[in-house]
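Engineer: Got a structure for you, questions after.
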Amino acid sequence: MTVRFVGAGPGAADLITVRGRDVIASSPVCLYAGSLVPDELLEHCPAGAKLVNTANMTLDGIVAELVAAHRAGLDVARLHSGDPSVFSAVAEQMRRLDAAGVPYEIVPGVPAFAAAAAALNREFTVPGVGQTVVLTRTSARATPMPEGEDLGTLGRSRATMVLHLAVNRVEQVVDELLPNYGPDCPVAVVAAASRDDEVVLRGTLADIAGRVRDAGIVRTAVIVVGEVLTAAEFPDSHLYSADRCRA
C-alpha cells in the first residue's frame, strides 16, 4: 500500500488539485494538520475512513500511523498545507518511510506564495524589474538557517523576497532587509491567503511592521518584499512580442 503526501493548498478547500481530491476520496486513512487544513477537505474521505489530526502529534507518532496503515494494507492520504516542496516537513517523514520500506508518492498543491500573489493581483516576476524570487524564512522556534542564508546575505540581490513563517518577527525582518532594499521598498503581507478571513496589508519597509502589529497578525502569513509589487512602467515580455522568432 502507498502513502501519498498531498498538497492541500493554501487554505480555500476548492484550491486542492483534482488529483489530490481523488487521493483523499480513495484513501481509507487520512492524516491532516487540523490547524491548517480546512475541514471541508475531509468531506471527500470515504465513509468510515480513519481520520488522524496530527496538529499535536510528534514526528515519531505520525510516522507510526503511516507505517501501521501500510502494514494493515491501507492507502494513506497525508495532507499538508500548501505544497509539499517548501516548508512542509515532508523530508524527514520520507526519510523514515524509506528506512521502514514504506512506499510513498507526492501530489503537488497550490503553495501559499502563489495564493498571496493572486490576492495581490501581482506577478512576482516582472520584465525589467524582477526575474528572481527568493523563498525563505527566519530562525526563531524553528531549525536554524544554514550559513549564508541570512536575510542580509540573500537581500544583496534585491530580488523579490517571499518570507514564510516570519510575520511574528516582522521587526527583525525589516531591520535585516533595510540596508539592501531601503525604507521605500514596497512590502505586502497576506495573512490566511485564499481563506474567508484573508487579510492583505500593503506598505513599505518603513511602515509595514506597524501595520502588521496594528492588524494583530501573528501567524499564517506571507511577507513579500520587492519592487515588483508596485511596478507600472516595464517592457512587455518577449514571450508575445511580434519580433520573437516562432519558427
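Simple scheme: letters A, B, ... for chains in C-alpha cells order, numbers from 1 for residues in each chain, numbers from 1 for ligands in the order shown.
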With only C-alpha atoms as the counted atoms, please give the residues lying no more than 10 Å from A:Gly20, apart from itself and same-chain residues fewer than 4 positions off, as a PDB file with all heavy atoms, in the first residue's frame.

Structural biologist:
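Result saved to part24.pdb:
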```
ATOM      1  N   ARG A   4       0.517   8.744   0.386  1.00  0.00           N
ATOM      2  CA  ARG A   4       0.566   9.853  -0.567  1.00  0.00           C
ATOM      3  C   ARG A   4       0.541  11.177   0.193  1.00  0.00           C
ATOM      4  O   ARG A   4      -0.405  11.473   0.902  1.00  0.00           O
ATOM      5  CB  ARG A   4      -0.592   9.771  -1.556  1.00  0.00           C
ATOM      6  CG  ARG A   4      -0.489   8.559  -2.492  1.00  0.00           C
ATOM      7  CD  ARG A   4      -1.641   8.480  -3.474  1.00  0.00           C
ATOM      8  NE  ARG A   4      -1.421   7.407  -4.438  1.00  0.00           N
ATOM      9  CZ  ARG A   4      -1.789   6.138  -4.237  1.00  0.00           C
ATOM     10  NH1 ARG A   4      -2.394   5.805  -3.105  1.00  0.00           N
ATOM     11  NH2 ARG A   4      -1.543   5.218  -5.143  1.00  0.00           N
ATOM     12  N   PHE A   5       1.631  11.925   0.041  1.00  0.00           N
ATOM     13  CA  PHE A   5       1.706  13.256   0.631  1.00  0.00           C
ATOM     14  C   PHE A   5       0.998  14.220  -0.320  1.00  0.00           C
ATOM     15  O   PHE A   5       1.435  14.406  -1.456  1.00  0.00           O
ATOM     16  CB  PHE A   5       3.160  13.671   0.824  1.00  0.00           C
ATOM     17  CG  PHE A   5       3.896  12.841   1.843  1.00  0.00           C
ATOM     18  CD1 PHE A   5       4.722  11.796   1.446  1.00  0.00           C
ATOM     19  CD2 PHE A   5       3.752  13.101   3.204  1.00  0.00           C
ATOM     20  CE1 PHE A   5       5.394  11.026   2.387  1.00  0.00           C
ATOM     21  CE2 PHE A   5       4.425  12.342   4.149  1.00  0.00           C
ATOM     22  CZ  PHE A   5       5.244  11.295   3.747  1.00  0.00           C
ATOM     23  N   VAL A   6      -0.083  14.797   0.158  1.00  0.00           N
ATOM     24  CA  VAL A   6      -0.940  15.608  -0.698  1.00  0.00           C
ATOM     25  C   VAL A   6      -0.836  17.079  -0.300  1.00  0.00           C
ATOM     26  O   VAL A   6      -1.068  17.446   0.851  1.00  0.00           O
ATOM     27  CB  VAL A   6      -2.415  15.160  -0.583  1.00  0.00           C
ATOM     28  CG1 VAL A   6      -3.308  16.051  -1.444  1.00  0.00           C
ATOM     29  CG2 VAL A   6      -2.553  13.701  -0.986  1.00  0.00           C
ATOM     30  N   GLY A   7      -0.473  17.920  -1.273  1.00  0.00           N
ATOM     31  CA  GLY A   7      -0.521  19.350  -1.037  1.00  0.00           C
ATOM     32  C   GLY A   7      -1.971  19.798  -0.990  1.00  0.00           C
ATOM     33  O   GLY A   7      -2.672  19.756  -2.005  1.00  0.00           O
ATOM     34  N   ALA A   8      -2.428  20.207   0.184  1.00  0.00           N
ATOM     35  CA  ALA A   8      -3.848  20.529   0.373  1.00  0.00           C
ATOM     36  C   ALA A   8      -4.174  21.965  -0.004  1.00  0.00           C
ATOM     37  O   ALA A   8      -5.323  22.392   0.128  1.00  0.00           O
ATOM     38  CB  ALA A   8      -4.255  20.254   1.822  1.00  0.00           C
ATOM     39  N   GLY A   9      -3.176  22.726  -0.461  1.00  0.00           N
ATOM     40  CA  GLY A   9      -3.432  24.095  -0.876  1.00  0.00           C
ATOM     41  C   GLY A   9      -3.289  25.094   0.251  1.00  0.00           C
ATOM     42  O   GLY A   9      -3.036  24.739   1.400  1.00  0.00           O
ATOM     43  N   LEU A  15      -9.155  24.939  -3.666  1.00  0.00           N
ATOM     44  CA  LEU A  15      -7.867  25.099  -4.324  1.00  0.00           C
ATOM     45  C   LEU A  15      -7.010  23.843  -4.255  1.00  0.00           C
ATOM     46  O   LEU A  15      -5.836  23.874  -4.618  1.00  0.00           O
ATOM     47  CB  LEU A  15      -7.097  26.281  -3.727  1.00  0.00           C
ATOM     48  CG  LEU A  15      -7.567  27.655  -4.185  1.00  0.00           C
ATOM     49  CD1 LEU A  15      -6.711  28.760  -3.569  1.00  0.00           C
ATOM     50  CD2 LEU A  15      -7.549  27.770  -5.707  1.00  0.00           C
ATOM     51  N   ILE A  16      -7.564  22.733  -3.826  1.00  0.00           N
ATOM     52  CA  ILE A  16      -6.840  21.467  -3.927  1.00  0.00           C
ATOM     53  C   ILE A  16      -6.910  20.999  -5.378  1.00  0.00           C
ATOM     54  O   ILE A  16      -7.836  21.339  -6.118  1.00  0.00           O
ATOM     55  CB  ILE A  16      -7.438  20.404  -2.983  1.00  0.00           C
ATOM     56  CG1 ILE A  16      -6.481  19.227  -2.840  1.00  0.00           C
ATOM     57  CG2 ILE A  16      -8.826  19.955  -3.454  1.00  0.00           C
ATOM     58  CD1 ILE A  16      -6.848  18.258  -1.742  1.00  0.00           C
ATOM     59  N   ILE A  24      -7.657  11.685  -1.692  1.00  0.00           N
ATOM     60  CA  ILE A  24      -8.406  11.708  -0.432  1.00  0.00           C
ATOM     61  C   ILE A  24      -9.602  10.775  -0.514  1.00  0.00           C
ATOM     62  O   ILE A  24      -9.881  10.002   0.410  1.00  0.00           O
ATOM     63  CB  ILE A  24      -8.864  13.140  -0.101  1.00  0.00           C
ATOM     64  CG1 ILE A  24      -7.666  14.052   0.137  1.00  0.00           C
ATOM     65  CG2 ILE A  24      -9.773  13.146   1.131  1.00  0.00           C
ATOM     66  CD1 ILE A  24      -8.037  15.521   0.276  1.00  0.00           C
ATOM     67  N   ALA A  25     -10.316  10.832  -1.629  1.00  0.00           N
ATOM     68  CA  ALA A  25     -11.543  10.050  -1.778  1.00  0.00           C
ATOM     69  C   ALA A  25     -11.295   8.550  -1.836  1.00  0.00           C
ATOM     70  O   ALA A  25     -12.208   7.756  -1.551  1.00  0.00           O
ATOM     71  CB  ALA A  25     -12.284  10.495  -3.041  1.00  0.00           C
ATOM     72  N   LEU A  41     -12.201  19.640   3.291  1.00  0.00           N
ATOM     73  CA  LEU A  41     -11.482  18.625   2.528  1.00  0.00           C
ATOM     74  C   LEU A  41     -11.753  17.226   3.054  1.00  0.00           C
ATOM     75  O   LEU A  41     -11.733  16.255   2.295  1.00  0.00           O
ATOM     76  CB  LEU A  41      -9.981  18.906   2.546  1.00  0.00           C
ATOM     77  CG  LEU A  41      -9.493  20.086   1.702  1.00  0.00           C
ATOM     78  CD1 LEU A  41      -7.979  20.184   1.766  1.00  0.00           C
ATOM     79  CD2 LEU A  41      -9.947  19.943   0.262  1.00  0.00           C
ATOM     80  N   ALA A  77      -3.743   9.030   2.810  1.00  0.00           N
ATOM     81  CA  ALA A  77      -3.609  10.401   2.326  1.00  0.00           C
ATOM     82  C   ALA A  77      -3.043  11.228   3.473  1.00  0.00           C
ATOM     83  O   ALA A  77      -3.681  11.368   4.518  1.00  0.00           O
ATOM     84  CB  ALA A  77      -4.955  10.960   1.886  1.00  0.00           C
ATOM     85  N   LEU A  79      -2.179  14.799   4.394  1.00  0.00           N
ATOM     86  CA  LEU A  79      -2.417  16.145   3.901  1.00  0.00           C
ATOM     87  C   LEU A  79      -1.471  17.150   4.548  1.00  0.00           C
ATOM     88  O   LEU A  79      -1.308  17.182   5.763  1.00  0.00           O
ATOM     89  CB  LEU A  79      -3.870  16.564   4.187  1.00  0.00           C
ATOM     90  CG  LEU A  79      -4.975  15.631   3.687  1.00  0.00           C
ATOM     91  CD1 LEU A  79      -6.335  16.285   3.895  1.00  0.00           C
ATOM     92  CD2 LEU A  79      -4.761  15.260   2.239  1.00  0.00           C
ATOM     93  N   ILE A 106       4.190  11.825  -3.955  1.00  0.00           N
ATOM     94  CA  ILE A 106       3.877  13.214  -3.619  1.00  0.00           C
ATOM     95  C   ILE A 106       2.902  13.771  -4.648  1.00  0.00           C
ATOM     96  O   ILE A 106       3.107  13.622  -5.856  1.00  0.00           O
ATOM     97  CB  ILE A 106       5.144  14.083  -3.572  1.00  0.00           C
ATOM     98  CG1 ILE A 106       6.060  13.620  -2.431  1.00  0.00           C
ATOM     99  CG2 ILE A 106       4.788  15.556  -3.404  1.00  0.00           C
ATOM    100  CD1 ILE A 106       7.347  14.405  -2.324  1.00  0.00           C
ATOM    101  N   VAL A 107       1.855  14.415  -4.157  1.00  0.00           N
ATOM    102  CA  VAL A 107       0.877  15.077  -5.016  1.00  0.00           C
ATOM    103  C   VAL A 107       1.015  16.586  -4.788  1.00  0.00           C
ATOM    104  O   VAL A 107       0.751  17.070  -3.686  1.00  0.00           O
ATOM    105  CB  VAL A 107      -0.560  14.626  -4.689  1.00  0.00           C
ATOM    106  CG1 VAL A 107      -1.557  15.366  -5.579  1.00  0.00           C
ATOM    107  CG2 VAL A 107      -0.695  13.116  -4.856  1.00  0.00           C
ATOM    108  N   PRO A 108       1.454  17.340  -5.788  1.00  0.00           N
ATOM    109  CA  PRO A 108       1.678  18.774  -5.596  1.00  0.00           C
ATOM    110  C   PRO A 108       0.399  19.520  -5.232  1.00  0.00           C
ATOM    111  O   PRO A 108      -0.711  19.062  -5.509  1.00  0.00           O
ATOM    112  CB  PRO A 108       2.207  19.237  -6.961  1.00  0.00           C
ATOM    113  CG  PRO A 108       2.633  17.996  -7.673  1.00  0.00           C
ATOM    114  CD  PRO A 108       1.759  16.906  -7.163  1.00  0.00           C
ATOM    115  N   GLY A 109       0.590  20.689  -4.632  1.00  0.00           N
ATOM    116  CA  GLY A 109      -0.538  21.542  -4.274  1.00  0.00           C
ATOM    117  C   GLY A 109      -0.238  22.996  -4.577  1.00  0.00           C
ATOM    118  O   GLY A 109       0.878  23.350  -4.968  1.00  0.00           O
TER     119      GLY A 109
END
```

Engineer: What's around stretch 157-173 of chain A at 8 Å? Count only C-alpha atoms, leave out sequence neighbours fewer than 4 positions away in its own chain, and write the answer as a ChimeraX atom specification.

Structural biologist: /A:113,124-125,130-138,151,177,180-181,209,212,217-228

Engineer: With a distance cut-off of 12 Å and only C-alpha atoms, select the neighbouring residues of A:Gly61, excluding the residue or stretch itself and same-chain residues fewer than 5 positions from it, and output the selection as a list in words.

Structural biologist: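 Once the nearby chain positions are removed, what remains is Leu31, Val52, Asn53, Thr54, Ala55, Asn56, Leu66, Val67, Ala68, Gln93 and Arg96 of chain A.
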
Engineer: Take the residues just selected and output them with N, CA, C and O atoms as a compact mmCIF listing (two decimals), in the first residue's frame.

Structural biologist:
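Contents of the output file out-v1.txt:
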```txt
# COMPACT_ATOMS: atom_id res chain seq x y z
N LEU A 31 -4.37 11.46 7.31
CA LEU A 31 -3.70 12.24 8.35
C LEU A 31 -3.66 13.70 7.89
O LEU A 31 -3.31 13.98 6.74
N VAL A 52 -6.97 11.19 11.29
CA VAL A 52 -6.00 11.44 12.35
C VAL A 52 -5.53 12.89 12.26
O VAL A 52 -4.89 13.27 11.28
N ASN A 53 -5.86 13.68 13.27
CA ASN A 53 -5.42 15.07 13.32
C ASN A 53 -4.01 15.09 13.90
O ASN A 53 -3.79 14.74 15.06
N THR A 54 -3.04 15.53 13.10
CA THR A 54 -1.63 15.49 13.52
C THR A 54 -1.17 16.77 14.19
O THR A 54 0.01 16.90 14.51
N ALA A 55 -2.07 17.72 14.42
CA ALA A 55 -1.68 19.04 14.92
C ALA A 55 -0.83 18.97 16.19
O ALA A 55 0.10 19.77 16.36
N ASN A 56 -1.14 18.03 17.08
CA ASN A 56 -0.42 17.95 18.35
C ASN A 56 0.42 16.67 18.47
O ASN A 56 0.80 16.28 19.58
N LEU A 66 1.56 6.12 9.82
CA LEU A 66 1.75 5.83 8.41
C LEU A 66 2.21 4.39 8.20
O LEU A 66 1.71 3.68 7.32
N VAL A 67 3.16 3.96 9.00
CA VAL A 67 3.69 2.60 8.88
C VAL A 67 2.61 1.58 9.25
O VAL A 67 2.45 0.55 8.56
N ALA A 68 1.84 1.85 10.29
CA ALA A 68 0.80 0.91 10.71
C ALA A 68 -0.26 0.75 9.63
O ALA A 68 -0.74 -0.37 9.36
N GLN A 93 9.80 12.85 7.12
CA GLN A 93 8.85 11.74 7.08
C GLN A 93 9.24 10.75 5.99
O GLN A 93 9.22 9.53 6.21
N ARG A 96 12.16 8.56 7.03
CA ARG A 96 11.76 7.46 7.93
C ARG A 96 10.97 6.37 7.19
O ARG A 96 11.09 5.18 7.50
```

Engineer: So which bits of stretch 13-235 of chain A end up helix (DSSP H, G or I) when you DSSP the backbone, as an MDAnalysis selection string?

Structural biologist: chainID A and resid 13:15 18:26 39:44 59:71 91:100 112:120 151:157 167:181 208:215 227:229

Engineer: For A:Ala116, find every residue with an atom within 8 Å (counting only C-alpha atoms), except residues of its own chain fewer than 6 positions away, and show them as a short mmCIF file (atom, residue, chain, number, x, y, z; two decimals) with N, CA, C and O atoms, in the first residue's frame.

Structural biologist:
```cif
data_model
loop_
_atom_site.label_atom_id
_atom_site.label_comp_id
_atom_site.auth_asym_id
_atom_site.auth_seq_id
_atom_site.Cartn_x
_atom_site.Cartn_y
_atom_site.Cartn_z
N VAL A 190 0.28 39.08 3.34
CA VAL A 190 -1.00 38.42 3.10
C VAL A 190 -1.18 37.34 4.15
O VAL A 190 -0.40 36.39 4.23
N ALA A 193 -4.13 33.54 3.22
CA ALA A 193 -4.36 33.69 1.79
C ALA A 193 -5.38 32.69 1.28
O ALA A 193 -5.30 31.50 1.59
N SER A 194 -6.34 33.18 0.52
CA SER A 194 -7.41 32.41 -0.13
C SER A 194 -8.55 32.03 0.80
O SER A 194 -9.56 31.48 0.35
N VAL A 222 2.27 35.47 4.76
CA VAL A 222 3.42 35.54 3.87
C VAL A 222 3.81 37.00 3.73
O VAL A 222 2.96 37.87 3.55
#
```

Engineer: Choose the residue, out of A:Leu201, A:Val76, A:Met94, A:Leu229, that has the smallest atom-to-atom separation from A:Ala117; count only C-alpha atoms.

Structural biologist: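 Selected residue with least distance to A:Ala117: A:Leu229.
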
Engineer: Within 12 Å of A:Ala72, counting only C-alpha atoms, which residues show up once you throw out same-chain ones fewer than 5 positions away? Write them as a list in words, please.

Structural biologist: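 Returned residues: Met1, Thr2, Pro28, Val29, Glu65, Leu66, Val67 and Val102 of chain A.
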
Engineer: Generate a file of the selected residues that holds C-alpha atoms, formatted as a compact mmCIF listing (two decimals), in the first residue's frame.

Structural biologist:
```txt
# COMPACT_ATOMS: atom_id res chain seq x y z
CA MET A 1 0.00 0.00 0.00
CA THR A 2 1.11 3.60 -0.54
CA PRO A 28 -9.21 4.72 3.96
CA VAL A 29 -6.74 6.56 6.22
CA GLU A 65 0.49 5.88 11.99
CA LEU A 66 1.75 5.83 8.41
CA VAL A 67 3.69 2.60 8.88
CA VAL A 102 7.13 2.00 3.03
```

Engineer: Between A:Tyr104, A:Val63, A:Pro179, A:Cys30, which is the closest to A:Gly48 once you count only C-alpha atoms?

Structural biologist: A:Cys30

Engineer: Quick check, in Å to one decimal: how far apart do atom CA of A:Gly11 and atom CA of A:Thr204 lie?

Structural biologist: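 Atom CA of A:Thr204 lies 26.2 Å from atom CA of A:Gly11.
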
Engineer: Nearest to A:Arg202: which of A:Val189, A:Pro144, A:Cys45, A:Ala118 is it, counting only C-alpha atoms?

Structural biologist: A:Val189
